[in-house]
>>> print(open('protein-v3.txt').read())   # compact mmCIF, C-alpha atoms
# COMPACT_ATOMS: atom_id res chain seq x y z
CA MET A 1 48.66 150.86 100.71
CA HIS A 2 51.46 153.43 100.75
CA LYS A 3 54.33 153.31 103.13
CA LEU A 4 55.13 156.56 104.89
CA VAL A 5 58.61 156.73 106.43
CA ARG A 6 59.45 159.24 109.13
CA GLN A 7 62.80 159.95 110.81
CA GLY A 8 62.09 160.47 114.46
CA LEU A 9 60.09 158.77 117.12
CA ILE A 10 57.20 157.44 115.03
CA THR A 11 56.99 155.37 111.81
CA LEU A 12 53.46 155.04 110.43
CA ILE A 13 51.78 152.93 107.75
CA VAL A 14 48.80 154.79 106.30
CA GLY A 15 46.47 154.12 103.46
CA ALA A 16 46.11 156.03 100.23
CA GLY A 17 48.95 158.36 101.16
CA LEU A 18 47.03 159.98 104.05
CA ILE A 19 48.71 161.09 107.25
CA THR A 20 46.76 160.97 110.48
CA GLU A 21 46.66 164.20 112.43
CA VAL A 22 47.98 162.27 115.40
CA GLY A 23 51.06 161.19 113.47
CA ILE A 24 52.00 164.79 112.70
CA ASN A 25 51.18 166.28 116.09
CA ASN A 26 53.30 163.70 117.86
CA ALA A 27 56.46 164.64 115.97
CA HIS A 28 59.12 166.53 117.90
CA ALA A 29 61.60 167.60 115.11
CA ASP A 30 61.74 168.26 111.35
CA SER A 31 61.20 164.91 109.70
CA TRP A 32 61.22 163.32 106.26
CA TRP A 33 58.02 161.71 104.98
CA GLY A 34 57.98 159.49 101.90
CA TYR A 35 55.02 159.12 99.53
CA SER A 36 54.70 157.54 96.10
CA SER A 37 55.01 161.09 94.75
CA GLY A 38 58.33 161.71 96.53
CA TRP A 39 59.91 162.78 99.78
CA TYR A 40 58.76 165.74 101.88
CA LEU A 41 60.13 167.55 104.91
CA TRP A 42 57.74 168.36 107.69
CA SER A 43 58.50 171.21 110.09
CA ASP A 44 57.25 170.09 113.47
CA SER A 45 58.06 173.47 115.01
CA GLY A 46 55.77 175.26 112.57
CA ASN A 47 53.42 172.49 111.46
CA TYR A 48 53.91 172.92 107.67
CA TRP A 49 55.60 171.23 104.72
CA LYS A 50 58.92 172.91 103.94
CA SER A 51 60.02 174.11 100.50
CA GLY A 52 63.06 175.73 98.88
CA TRP A 53 66.61 175.25 100.15
CA GLN A 54 66.95 173.23 103.36
CA TRP A 55 70.06 172.39 105.40
CA VAL A 56 69.54 168.97 106.96
CA ASN A 57 72.18 166.81 108.64
CA ASN A 58 75.06 168.75 107.04
CA ASN A 59 73.65 168.50 103.54
CA TRP A 60 71.72 170.88 101.29
CA TYR A 61 68.40 169.77 99.81
CA TYR A 62 65.99 171.54 97.51
CA LEU A 63 62.23 171.13 97.78
CA ASN A 64 60.01 172.54 95.03
CA SER A 65 56.96 174.72 95.63
CA TYR A 66 54.92 171.60 96.42
CA GLY A 67 57.51 170.52 98.97
CA THR A 68 58.80 167.61 96.89
CA MET A 69 62.49 166.81 97.42
CA GLN A 70 64.44 167.18 94.14
CA THR A 71 67.00 164.76 92.69
CA GLY A 72 69.17 164.78 89.56
CA TRP A 73 69.67 167.93 87.47
CA GLN A 74 67.83 171.04 88.60
CA ASP A 75 67.82 174.55 87.13
CA ILE A 76 67.28 176.86 90.09
CA ASN A 77 67.18 180.61 89.47
CA GLY A 78 69.29 180.28 86.33
CA SER A 79 71.98 178.01 87.79
CA TRP A 80 72.29 174.26 87.38
CA TYR A 81 72.71 171.95 90.38
CA TYR A 82 72.86 168.20 90.78
CA PHE A 83 71.25 166.26 93.64
CA ASP A 84 72.03 162.59 94.23
CA GLY A 85 69.43 159.89 94.79
CA SER A 86 69.13 160.81 98.47
CA GLY A 87 68.49 164.45 97.52
CA SER A 88 71.87 165.77 98.75
CA MET A 89 73.35 168.62 96.67
CA LEU A 90 76.73 167.67 95.14
CA THR A 91 79.88 169.82 95.01
CA GLY A 92 83.34 169.41 93.50
CA TRP A 93 84.15 166.85 90.82
CA GLN A 94 81.30 164.54 89.86
CA TRP A 95 81.08 161.75 87.24
CA ILE A 96 77.55 161.88 85.84
CA ASN A 97 76.22 159.88 82.90
CA GLY A 98 79.63 159.33 81.32
CA ALA A 99 81.11 162.81 81.76
CA TRP A 100 82.95 164.84 84.39
CA TYR A 101 81.36 167.96 85.85
CA TYR A 102 82.56 170.44 88.42
CA PHE A 103 80.34 172.16 90.99
CA ASP A 104 81.64 174.99 93.16
CA GLY A 105 81.18 175.18 96.92
CA SER A 106 77.67 176.58 96.41
CA GLY A 107 76.75 173.71 94.11
CA HIS A 108 76.72 175.79 90.90
CA MET A 109 77.64 173.77 87.82
CA GLN A 110 80.69 175.38 86.16
CA THR A 111 81.10 176.23 82.48
CA GLY A 112 83.89 177.77 80.39
CA TRP A 113 87.45 178.18 81.70
CA GLN A 114 87.92 177.31 85.37
CA TRP A 115 91.07 177.41 87.55
CA ILE A 116 90.88 174.37 89.85
CA ASN A 117 93.65 173.26 92.21
CA GLY A 118 96.37 174.98 90.21
CA LYS A 119 95.25 173.87 86.75
CA TRP A 120 93.01 175.23 83.99
CA TYR A 121 90.02 173.22 82.76
CA TYR A 122 87.34 173.95 80.20
CA PHE A 123 83.68 172.95 80.60
CA GLN A 124 81.21 173.00 77.73
CA GLY A 125 77.91 174.85 77.90
CA SER A 126 76.36 171.61 79.15
CA GLY A 127 78.92 171.58 81.97
CA ALA A 128 80.72 168.49 80.64
CA MET A 129 84.52 168.68 80.97
CA GLN A 130 86.36 169.07 77.65
CA THR A 131 89.32 166.92 76.62
CA GLY A 132 91.47 166.94 73.49
CA TRP A 133 91.45 169.83 71.03
CA LEU A 134 89.45 172.95 71.82
CA GLN A 135 88.97 176.00 69.61
CA THR A 136 87.73 179.22 71.22
CA ASN A 137 89.60 182.37 70.14
CA THR A 138 92.51 180.05 69.22
CA TRP A 139 93.40 176.37 69.53
CA TYR A 140 94.12 174.71 72.89
CA TYR A 141 94.75 171.12 73.94
CA LEU A 142 93.32 169.54 77.09
CA ASN A 143 94.79 166.36 78.58
CA ALA A 144 92.79 163.20 79.26
CA ASP A 145 92.21 164.49 82.81
CA GLY A 146 90.92 167.78 81.36
CA SER A 147 93.87 169.94 82.43
CA LEU A 148 95.24 172.49 79.95
CA ARG A 149 98.39 171.33 78.17
CA THR A 150 101.43 173.56 77.61
CA GLY A 151 104.58 172.60 75.74
CA TRP A 152 104.73 169.85 73.12
CA VAL A 153 101.63 167.89 72.07
CA LEU A 154 101.66 164.77 69.89
CA SER A 155 98.29 164.38 68.18
CA TYR A 156 97.51 161.94 65.36
CA GLY A 157 101.20 161.59 64.56
CA LYS A 158 101.87 165.36 64.37
CA TRP A 159 103.72 167.54 66.87
CA TYR A 160 102.38 170.90 68.03
CA TYR A 161 103.66 173.39 70.57
CA MET A 162 101.41 175.16 73.07
CA ASP A 163 102.82 178.32 74.63
CA ASN A 164 102.65 179.24 78.33
CA SER A 165 99.04 180.42 77.98
CA GLY A 166 98.12 177.08 76.41
CA ALA A 167 97.50 178.66 72.99
CA MET A 168 98.85 176.87 69.93
CA ALA A 169 102.09 178.42 68.64
CA TYR A 170 102.80 179.28 65.02
CA GLY A 171 105.92 180.26 63.08
CA TRP A 172 109.44 180.30 64.51
CA ARG A 173 110.09 179.20 68.09
CA TYR A 174 113.42 179.00 69.94
CA LEU A 175 113.10 176.11 72.40
CA ASP A 176 115.76 174.29 74.39
CA ASN A 177 118.57 175.99 72.45
CA SER A 178 117.18 175.02 69.03
CA TRP A 179 115.01 176.67 66.39
CA TYR A 180 111.75 175.06 65.29
CA LEU A 181 109.31 176.09 62.58
CA LEU A 182 105.59 175.55 63.19
CA SER A 183 103.17 175.87 60.29
CA GLN A 184 101.68 179.35 60.16
CA TYR A 185 98.33 177.77 59.21
CA THR A 186 98.04 174.54 61.24
CA GLY A 187 100.75 174.83 63.91
CA VAL A 188 102.29 171.49 62.85
CA MET A 189 106.02 171.15 63.60
CA GLN A 190 108.01 171.05 60.38
CA THR A 191 110.58 168.41 59.43
CA GLY A 192 112.74 167.98 56.33
CA VAL A 193 112.87 170.90 53.90
CA SER A 194 110.29 173.56 54.77
CA THR A 195 109.57 177.12 53.63
CA ASP A 196 108.91 179.86 56.16
CA SER A 197 106.49 182.81 55.78
CA ASN A 198 109.23 184.82 54.04
CA GLY A 199 109.65 182.21 51.32
CA ARG A 200 113.05 180.89 52.47
CA ASP A 201 113.83 177.16 52.60
CA TYR A 202 115.32 175.46 55.67
CA TYR A 203 116.11 171.93 56.70
CA PHE A 204 114.78 170.42 59.94
CA ASP A 205 115.67 167.00 61.34
CA ASN A 206 113.11 164.41 62.45
CA SER A 207 112.91 166.03 65.90
CA GLY A 208 112.01 169.37 64.27
CA LYS A 209 115.33 171.10 65.08
CA MET A 210 116.69 173.38 62.37
CA VAL A 211 119.88 171.88 60.93
CA ASP A 212 120.96 174.36 58.26
CA GLY A 213 120.64 178.12 58.63
CA ASN A 214 119.65 180.41 61.47
CA PHE A 215 116.79 182.64 62.52
CA GLN A 216 118.39 185.86 61.23
CA ASP A 217 118.88 184.23 57.82
CA ALA A 218 115.16 183.59 57.73
CA PHE A 219 114.55 187.31 58.06
CA ALA A 220 117.45 188.49 55.91
CA GLY A 221 115.24 189.55 53.03
CA GLN A 222 112.75 191.20 55.36
CA LEU A 223 115.47 193.17 57.17
CA THR A 224 116.79 194.47 53.85
CA GLN A 225 113.29 195.49 52.84
CA TRP A 226 112.78 197.38 56.12
CA PHE A 227 116.13 199.15 55.86
CA ASN A 228 115.36 200.21 52.28
CA GLN A 229 111.96 201.46 53.42
CA ILE A 230 113.68 203.77 55.93
CA ASN A 231 115.93 205.14 53.21
CA GLN A 232 112.93 205.72 50.96
CA LEU A 233 111.37 207.64 53.83
CA ARG A 234 114.50 209.75 54.25
CA GLN A 235 114.64 210.54 50.55
CA SER A 236 111.01 211.59 50.28
CA GLN A 237 109.61 215.06 50.88
CA ARG A 238 108.56 215.40 54.52
CA THR A 239 106.61 217.83 56.65
CA PRO A 240 108.20 219.14 59.89
CA VAL A 241 106.49 217.77 63.00
CA GLY A 242 107.33 220.52 65.50
CA SER A 243 109.73 223.21 66.61
CA SER A 244 111.99 220.63 68.30
CA ASP A 245 112.35 218.68 65.06
CA ASN A 246 116.04 217.98 64.44
CA ARG A 247 115.70 217.41 60.70
CA ASP A 248 116.62 219.80 57.94
CA ASN A 249 113.23 221.49 57.51
CA GLY A 250 111.76 218.82 55.27
CA ASN A 251 114.56 218.72 52.70
CA VAL A 252 115.53 215.41 51.18
CA LEU A 253 118.10 213.54 53.27
CA PRO A 254 120.77 211.21 51.92
CA ALA A 255 120.29 207.47 52.31
CA LEU A 256 121.96 205.71 55.23
CA ARG A 257 124.81 203.33 54.52
CA ARG A 258 124.17 199.89 56.02
CA THR A 259 127.31 198.41 57.56
CA THR A 260 128.16 195.04 59.08
CA GLU A 261 129.17 196.47 62.45
CA MET A 262 125.93 198.50 62.67
CA ASP A 263 123.95 195.34 61.86
CA GLN A 264 125.92 193.49 64.55
CA TRP A 265 125.08 196.24 67.06
CA ALA A 266 121.38 196.11 66.19
CA GLN A 267 121.39 192.31 66.36
CA ALA A 268 123.15 192.30 69.75
CA ARG A 269 120.47 194.65 71.12
CA ALA A 270 117.67 192.54 69.66
CA ASN A 271 119.12 189.39 71.20
CA GLU A 272 119.51 191.14 74.55
CA LEU A 273 115.87 192.31 74.57
CA ALA A 274 114.63 188.87 73.53
CA SER A 275 116.72 187.17 76.19
CA SER A 276 115.37 189.32 79.03
CA ASN A 277 111.88 189.51 77.51
CA GLN A 278 111.10 192.44 79.83
CA GLY A 279 109.69 194.82 77.24
CA LEU A 280 111.26 197.78 75.44
CA SER A 281 113.78 200.08 77.10
CA HIS A 282 116.48 202.40 75.75
CA SER A 283 118.43 202.27 79.02
CA ASP A 284 121.04 199.90 77.54
CA ASN A 285 121.05 201.27 74.00
CA LEU A 286 124.84 201.05 73.59
CA TYR A 287 124.93 197.31 74.33
CA GLY A 288 126.96 195.68 71.57
CA ALA A 289 127.88 199.02 69.97
CA PRO A 290 131.25 199.47 68.23
CA SER A 291 133.82 201.42 70.25
CA TRP A 292 133.51 204.61 68.20
CA ALA A 293 129.72 204.64 68.82
CA LYS A 294 130.00 204.54 72.61
CA THR A 295 130.71 208.27 72.84
CA ASN A 296 128.86 211.32 71.56
CA ALA A 297 125.57 209.42 71.00
CA ALA A 298 126.94 207.06 68.37
CA GLY A 299 128.92 209.90 66.83
CA LEU A 300 125.82 211.92 65.96
CA PHE A 301 127.26 215.01 67.68
CA ASN A 302 130.24 214.74 65.32
CA SER A 303 128.07 215.14 62.25
CA PRO A 304 128.84 218.25 60.19
CA ASN A 305 125.08 218.84 60.10
CA TYR A 306 124.88 219.10 63.89
CA ASP A 307 123.82 222.50 65.23
CA TYR A 308 124.83 223.17 68.81
CA GLY A 309 121.86 223.14 71.19
CA THR A 310 119.47 221.22 68.93
CA ILE A 311 117.86 217.96 69.98
CA VAL A 312 119.54 214.75 68.85
CA ASN A 313 117.16 211.80 68.53
CA GLY A 314 118.69 208.34 68.55
CA PRO A 315 120.55 206.21 68.32
CA GLU A 316 117.91 203.49 68.11
CA CYS A 317 114.34 202.49 67.28
CA LEU A 318 112.71 199.56 69.11
CA ALA A 319 109.59 197.56 68.33
CA SER A 320 108.06 194.33 69.58
CA TRP A 321 105.07 192.18 68.69
CA TRP A 322 103.78 188.67 69.24
CA GLY A 323 103.01 186.22 66.46
CA GLY A 324 103.10 186.76 62.73
CA THR A 325 105.25 189.26 60.85
CA GLU A 326 104.59 192.93 61.54
CA ASN A 327 106.37 195.89 59.97
CA PRO A 328 108.36 197.78 62.62
CA VAL A 329 109.17 200.62 60.20
CA ASP A 330 105.45 201.31 59.82
CA MET A 331 105.18 201.36 63.62
CA TRP A 332 108.02 203.88 63.99
CA THR A 333 106.85 206.09 61.14
CA ALA A 334 103.33 206.22 62.58
CA GLU A 335 104.74 208.01 65.65
CA GLN A 336 105.04 211.14 63.49
CA SER A 337 101.35 211.76 64.16
CA TYR A 338 101.92 212.32 67.90
CA GLY A 339 105.14 214.27 68.15
CA GLY A 340 107.79 212.32 66.31
CA GLY A 341 109.17 209.64 68.62
CA HIS A 342 111.11 206.96 66.75
CA TYR A 343 110.21 208.65 63.46
CA LEU A 344 112.71 211.41 64.26
CA THR A 345 115.42 208.76 64.67
CA GLU A 346 114.58 207.27 61.26
CA VAL A 347 115.00 210.68 59.59
CA SER A 348 117.84 212.08 61.71
CA PRO A 349 119.88 214.55 59.56
CA TYR A 350 122.96 213.72 61.67
CA ALA A 351 123.22 210.03 60.73
CA ASN A 352 125.02 208.51 57.77
CA VAL A 353 125.19 204.81 58.77
CA GLY A 354 122.64 202.36 60.11
CA GLY A 355 121.95 198.74 60.96
CA ILE A 356 118.93 196.56 61.67
CA GLY A 357 118.35 193.28 63.52
CA ILE A 358 115.61 191.03 64.81
CA SER A 359 115.29 188.32 67.44
CA MET A 360 112.55 186.40 69.20
CA SER A 361 112.06 185.49 72.85
CA SER A 362 111.20 182.03 74.14
CA ASN A 363 107.50 182.94 74.31
CA GLY A 364 107.38 184.04 70.67
CA THR A 365 107.72 187.82 71.10
CA PHE A 366 109.64 189.45 68.24
CA TYR A 367 112.07 192.32 68.93
CA ALA A 368 113.24 194.54 66.06
CA VAL A 369 116.05 197.10 66.51
CA PHE A 370 117.28 199.85 64.16
CA GLU A 371 120.50 201.67 65.08
CA ILE A 372 121.89 204.87 63.56
CA GLY A 373 125.20 206.69 63.87
CA TYR A 374 127.62 209.06 62.20
CA GLN A 375 130.90 207.53 61.08
CA GLN A 376 133.61 209.50 59.29
>>> encode(input="protein-v3.txt", output="structure tokens")
Amino acid sequence: MHKLVRQGLITLIVGAGLITEVGINNAHADSWWGYSSGWYLWSDSGNYWKSGWQWVNNNWYYLNSYGTMQTGWQDINGSWYYFDGSGSMLTGWQWINGAWYYFDGSGHMQTGWQWINGKWYYFQGSGAMQTGWLQTNTWYYLNADGSLRTGWVLSYGKWYYMDNSGAMAYGWRYLDNSWYLLSQYTGVMQTGVSTDSNGRDYYFDNSGKMVDGNFQDAFAGQLTQWFNQINQLRQSQRTPVGSSDNRDNGNVLPALRRTTEMDQWAQARANELASSNQGLSHSDNLYGAPSWAKTNAAGLFNSPNYDYGTIVNGPECLASWWGGTENPVDMWTAEQSYGGGHYLTEVSPYANVGGIGISMSSNGTFYAVFEIGYQQ
């Protein structure tokens, strides 16, 4: 004997899973019928077994082509759904077989990155929520509740720093008024004596804060190399880039003299750009300039090489990048191919002094500044 259960006016017990014609005809509304093979939904208004998606008592159900109510995991038209033991489709957060899953309002199982209630989560291809370390295009860390971590992370006795996007940070970082060095390979916060990517040694206390030295010292050798590269460019044979070119028709130019006050100017500008972290702009190019440079475009109009009416490019070159160590001089020189740009400042025939500086914003963006001028 098989028990057939019906929601409505009539409950019948029939043998061998058969339904009497009277039992069906006497129904007055859609009703569930249970067999050993599963549950089915009968449409009394149309006298047929329903299939597909059905909205019953404020819940969604799915009946296959045979009309059988589905439970558990179901792949329907390329999307995964989960139906509880009563057949109701689940939405939102669900704990299933030892893992957390998230289903949107339509019941679709979510995968990949998902923004849920103001936090980022990551779900594997199976739909299971990820926790701990995650490597996609870079490394991320997800808390025990699955939410994306930013800021400091302590993992297996090592400290790491995750930037505002959640990505692991590398190299120098200025945080809470202190400099930290994070391994360029693993992201691990450095303590004790450590060597940066430029080969310079620094000392960091047990909290990771730099004790001896400063960020500009770390780049001292690199800044000298970049300044020398500009002078090598000036002293090489060049090809004019256009009729508005303010150089001396490709002739070799004398090297610029690097001075402390020009370096201080360039460093003040770099620090200003890093502090605002609003991108590159020449609107405040005299910020931190020595008094003699605040008139006549850093003295360039006073140069004996100046020809009245010609274009004066300067007094600065700006570059920015995120992560790693780029070469700003290469960036500026490359602008020769599309009209000159900062390249014309590098090779200005009116300059005889220069300075260079670098700084980094709180989110790890580097700002490099090169200033030129003419000083008698």
>>> closest_residue(input="protein-v3.txt", among="A:Ser147, A:Ser197, A:Gly354, A:Trp60", to="A:Gln222", atoms="all atoms listed in the file")
A:Ser197
>>> residues_around(input="protein-v3.txt", residues="A:Trp120", least_positions_apart="4", cutoff="9 Å", atoms="all atoms listed in the file", output="short mmCIF file (atom, residue, chain, number, x, y, z; two decimals) with C-alpha atoms, keeping the file's coordinate frame")
data_model
loop_
_atom_site.label_atom_id
_atom_site.label_comp_id
_atom_site.auth_asym_id
_atom_site.auth_seq_id
_atom_site.Cartn_x
_atom_site.Cartn_y
_atom_site.Cartn_z
CA TRP A 113 87.45 178.18 81.70
CA GLN A 114 87.92 177.31 85.37
CA TRP A 115 91.07 177.41 87.55
CA ILE A 116 90.88 174.37 89.85
CA LEU A 142 93.32 169.54 77.09
CA GLY A 146 90.92 167.78 81.36
CA SER A 147 93.87 169.94 82.43
CA LEU A 148 95.24 172.49 79.95
CA ARG A 149 98.39 171.33 78.17
#
>>> atom_distance(input="protein-v3.txt", atom1="atom CA of A:Tyr338", atom2="atom CA of A:Asn285")
22.9 Å
>>> atom_distance(input="protein-v3.txt", atom1="atom CA of A:Gln232", atom2="atom CA of A:Ser303")
21.1 Å
>>> atom_distance(input="protein-v3.txt", atom1="atom CA of A:Asn143", atom2="atom CA of A:Trp159")
14.8 Å
>>> residues_around(input="protein-v3.txt", residues="A:Phe204", least_positions_apart="5", cutoff="8 Å", atoms="only C-alpha atoms", output="ChimeraX atom specification")
/A:180,190-194,209-212
>>> residues_around(input="protein-v3.txt", residues="stretch 185-189 of chain A", least_positions_apart="2", cutoff="10 Å", atoms="only C-alpha atoms", output="list of chain:residue names")
A:Trp139, A:Trp152, A:Val153, A:Leu154, A:Ser155, A:Lys158, A:Trp159, A:Tyr160, A:Tyr161, A:Met162, A:Met168, A:Ala169, A:Tyr170, A:Gly171, A:Trp172, A:Tyr180, A:Leu181, A:Leu182, A:Ser183, A:Thr191, A:Phe204, A:Asn206, A:Ser207, A:Gly208, A:Lys209
>>> write_last_selection(input="protein-v3.txt", atoms="C-alpha atoms", output="short mmCIF file (atom, residue, chain, number, x, y, z; two decimals), in the frame of the given file")
data_model
loop_
_atom_site.label_atom_id
_atom_site.label_comp_id
_atom_site.auth_asym_id
_atom_site.auth_seq_id
_atom_site.Cartn_x
_atom_site.Cartn_y
_atom_site.Cartn_z
CA TRP A 139 93.40 176.37 69.53
CA TRP A 152 104.73 169.85 73.12
CA VAL A 153 101.63 167.89 72.07
CA LEU A 154 101.66 164.77 69.89
CA SER A 155 98.29 164.38 68.18
CA LYS A 158 101.87 165.36 64.37
CA TRP A 159 103.72 167.54 66.87
CA TYR A 160 102.38 170.90 68.03
CA TYR A 161 103.66 173.39 70.57
CA MET A 162 101.41 175.16 73.07
CA MET A 168 98.85 176.87 69.93
CA ALA A 169 102.09 178.42 68.64
CA TYR A 170 102.80 179.28 65.02
CA GLY A 171 105.92 180.26 63.08
CA TRP A 172 109.44 180.30 64.51
CA TYR A 180 111.75 175.06 65.29
CA LEU A 181 109.31 176.09 62.58
CA LEU A 182 105.59 175.55 63.19
CA SER A 183 103.17 175.87 60.29
CA THR A 191 110.58 168.41 59.43
CA PHE A 204 114.78 170.42 59.94
CA ASN A 206 113.11 164.41 62.45
CA SER A 207 112.91 166.03 65.90
CA GLY A 208 112.01 169.37 64.27
CA LYS A 209 115.33 171.10 65.08
#
>>> residues_around(input="protein-v3.txt", residues="stretch 83-100 of chain A", least_positions_apart="3", cutoff="8 Å", atoms="only C-alpha atoms", output="PyMOL selection string")
chain A and resi 59-62+69-74+103-108+128-129
>>> residues_around(input="protein-v3.txt", residues="stretch 298-302 of chain A", least_positions_apart="5", cutoff="8 Å", atoms="all atoms listed in the file", output="compact mmCIF listing (two decimals) with C-alpha atoms, in the frame of the given file")
# COMPACT_ATOMS: atom_id res chain seq x y z
CA TRP A 292 133.51 204.61 68.20
CA ALA A 293 129.72 204.64 68.82
CA VAL A 312 119.54 214.75 68.85
CA PRO A 315 120.55 206.21 68.32
CA TYR A 350 122.96 213.72 61.67
CA ALA A 351 123.22 210.03 60.73
CA ILE A 372 121.89 204.87 63.56
CA GLY A 373 125.20 206.69 63.87
CA TYR A 374 127.62 209.06 62.20
CA GLN A 375 130.90 207.53 61.08
>>> closest_residue(input="protein-v3.txt", among="A:Ala289, A:Trp32, A:Ser275, A:Asn47", to="A:Asn177", atoms="all atoms listed in the file")
A:Ser275
>>> residues_near_point(input="protein-v3.txt", point="(87.9, 174.3, 71.6)", cutoff="12 Å", atoms="only C-alpha atoms", output="JSON, numbers by chain")
{"A": [112, 113, 121, 122, 123, 124, 125, 129, 130, 131, 132, 133, 134, 135, 136, 137, 138, 139, 140, 141, 142, 148, 166, 167, 168]}
>>> closest_residue(input="protein-v3.txt", among="A:Val252, A:Asn231, A:Lys294, A:Asp205", to="A:Ser178", atoms="all atoms listed in the file")
A:Asp205
>>> closest_residue(input="protein-v3.txt", among="A:Trp321, A:Asn296, A:Arg269, A:Gly157", to="A:Asp284", atoms="all atoms listed in the file")
A:Arg269
>>> closest_residue(input="protein-v3.txt", among="A:Gly151, A:Gly357, A:Gly34, A:Gly221", to="A:Ser320", atoms="all atoms listed in the file")
A:Gly357
>>> closest_residue(input="protein-v3.txt", among="A:Asp30, A:Pro349, A:Gln184, A:Met331", to="A:Asp307", atoms="all atoms listed in the file")
A:Pro349
>>> build_atoms(input="protein-v3.txt", residues="stretch 48-67 of chain A", atoms="N, CA and C atoms", output="mmCIF file, in the coordinates of the input")
data_model
loop_
_atom_site.group_PDB
_atom_site.id
_atom_site.type_symbol
_atom_site.label_atom_id
_atom_site.label_comp_id
_atom_site.auth_asym_id
_atom_site.auth_seq_id
_atom_site.Cartn_x
_atom_site.Cartn_y
_atom_site.Cartn_z
ATOM 1 N N TYR A 48 54.132 172.683 109.108
ATOM 2 C CA TYR A 48 53.910 172.920 107.670
ATOM 3 C C TYR A 48 54.957 172.125 106.889
ATOM 4 N N TRP A 49 54.646 171.902 105.605
ATOM 5 C CA TRP A 49 55.600 171.230 104.720
ATOM 6 C C TRP A 49 56.600 172.263 104.219
ATOM 7 N N LYS A 50 57.883 171.958 104.343
ATOM 8 C CA LYS A 50 58.920 172.910 103.940
ATOM 9 C C LYS A 50 59.131 172.895 102.430
ATOM 10 N N SER A 51 59.688 173.998 101.917
ATOM 11 C CA SER A 51 60.020 174.110 100.500
ATOM 12 C C SER A 51 61.293 174.943 100.361
ATOM 13 N N GLY A 52 61.841 174.972 99.134
ATOM 14 C CA GLY A 52 63.060 175.730 98.880
ATOM 15 C C GLY A 52 64.299 175.032 99.426
ATOM 16 N N TRP A 53 65.354 175.806 99.644
ATOM 17 C CA TRP A 53 66.610 175.250 100.150
ATOM 18 C C TRP A 53 66.484 174.894 101.633
ATOM 19 N N GLN A 54 66.994 173.689 101.973
ATOM 20 C CA GLN A 54 66.950 173.230 103.360
ATOM 21 C C GLN A 54 68.277 172.571 103.731
ATOM 22 N N TRP A 55 68.813 172.954 104.889
ATOM 23 C CA TRP A 55 70.060 172.390 105.400
ATOM 24 C C TRP A 55 69.712 171.340 106.440
ATOM 25 N N VAL A 56 69.947 170.067 106.094
ATOM 26 C CA VAL A 56 69.540 168.970 106.960
ATOM 27 C C VAL A 56 70.719 168.007 107.113
ATOM 28 N N ASN A 57 71.111 167.777 108.343
ATOM 29 C CA ASN A 57 72.180 166.810 108.640
ATOM 30 C C ASN A 57 73.426 167.067 107.775
ATOM 31 N N ASN A 58 73.831 168.348 107.740
ATOM 32 C CA ASN A 58 75.060 168.750 107.040
ATOM 33 C C ASN A 58 75.008 168.561 105.524
ATOM 34 N N ASN A 59 73.816 168.573 104.986
ATOM 35 C CA ASN A 59 73.650 168.500 103.540
ATOM 36 C C ASN A 59 72.567 169.482 103.101
ATOM 37 N N TRP A 60 72.744 170.022 101.867
ATOM 38 C CA TRP A 60 71.720 170.880 101.290
ATOM 39 C C TRP A 60 70.749 170.057 100.451
ATOM 40 N N TYR A 61 69.459 170.384 100.591
ATOM 41 C CA TYR A 61 68.400 169.770 99.810
ATOM 42 C C TYR A 61 67.569 170.891 99.187
ATOM 43 N N TYR A 62 66.888 170.547 98.107
ATOM 44 C CA TYR A 62 65.990 171.540 97.510
ATOM 45 C C TYR A 62 64.617 170.921 97.313
ATOM 46 N N LEU A 63 63.611 171.592 97.870
ATOM 47 C CA LEU A 63 62.230 171.130 97.780
ATOM 48 C C LEU A 63 61.456 172.126 96.916
ATOM 49 N N ASN A 64 60.717 171.622 95.919
ATOM 50 C CA ASN A 64 60.010 172.540 95.030
ATOM 51 C C ASN A 64 58.825 173.192 95.747
ATOM 52 N N SER A 65 58.043 173.953 95.003
ATOM 53 C CA SER A 65 56.960 174.720 95.630
ATOM 54 C C SER A 65 55.883 173.824 96.244
ATOM 55 N N TYR A 66 55.854 172.556 95.821
ATOM 56 C CA TYR A 66 54.920 171.600 96.420
ATOM 57 C C TYR A 66 55.544 170.875 97.604
ATOM 58 N N GLY A 67 56.823 171.171 97.860
ATOM 59 C CA GLY A 67 57.510 170.520 98.970
ATOM 60 C C GLY A 67 58.201 169.241 98.600
#
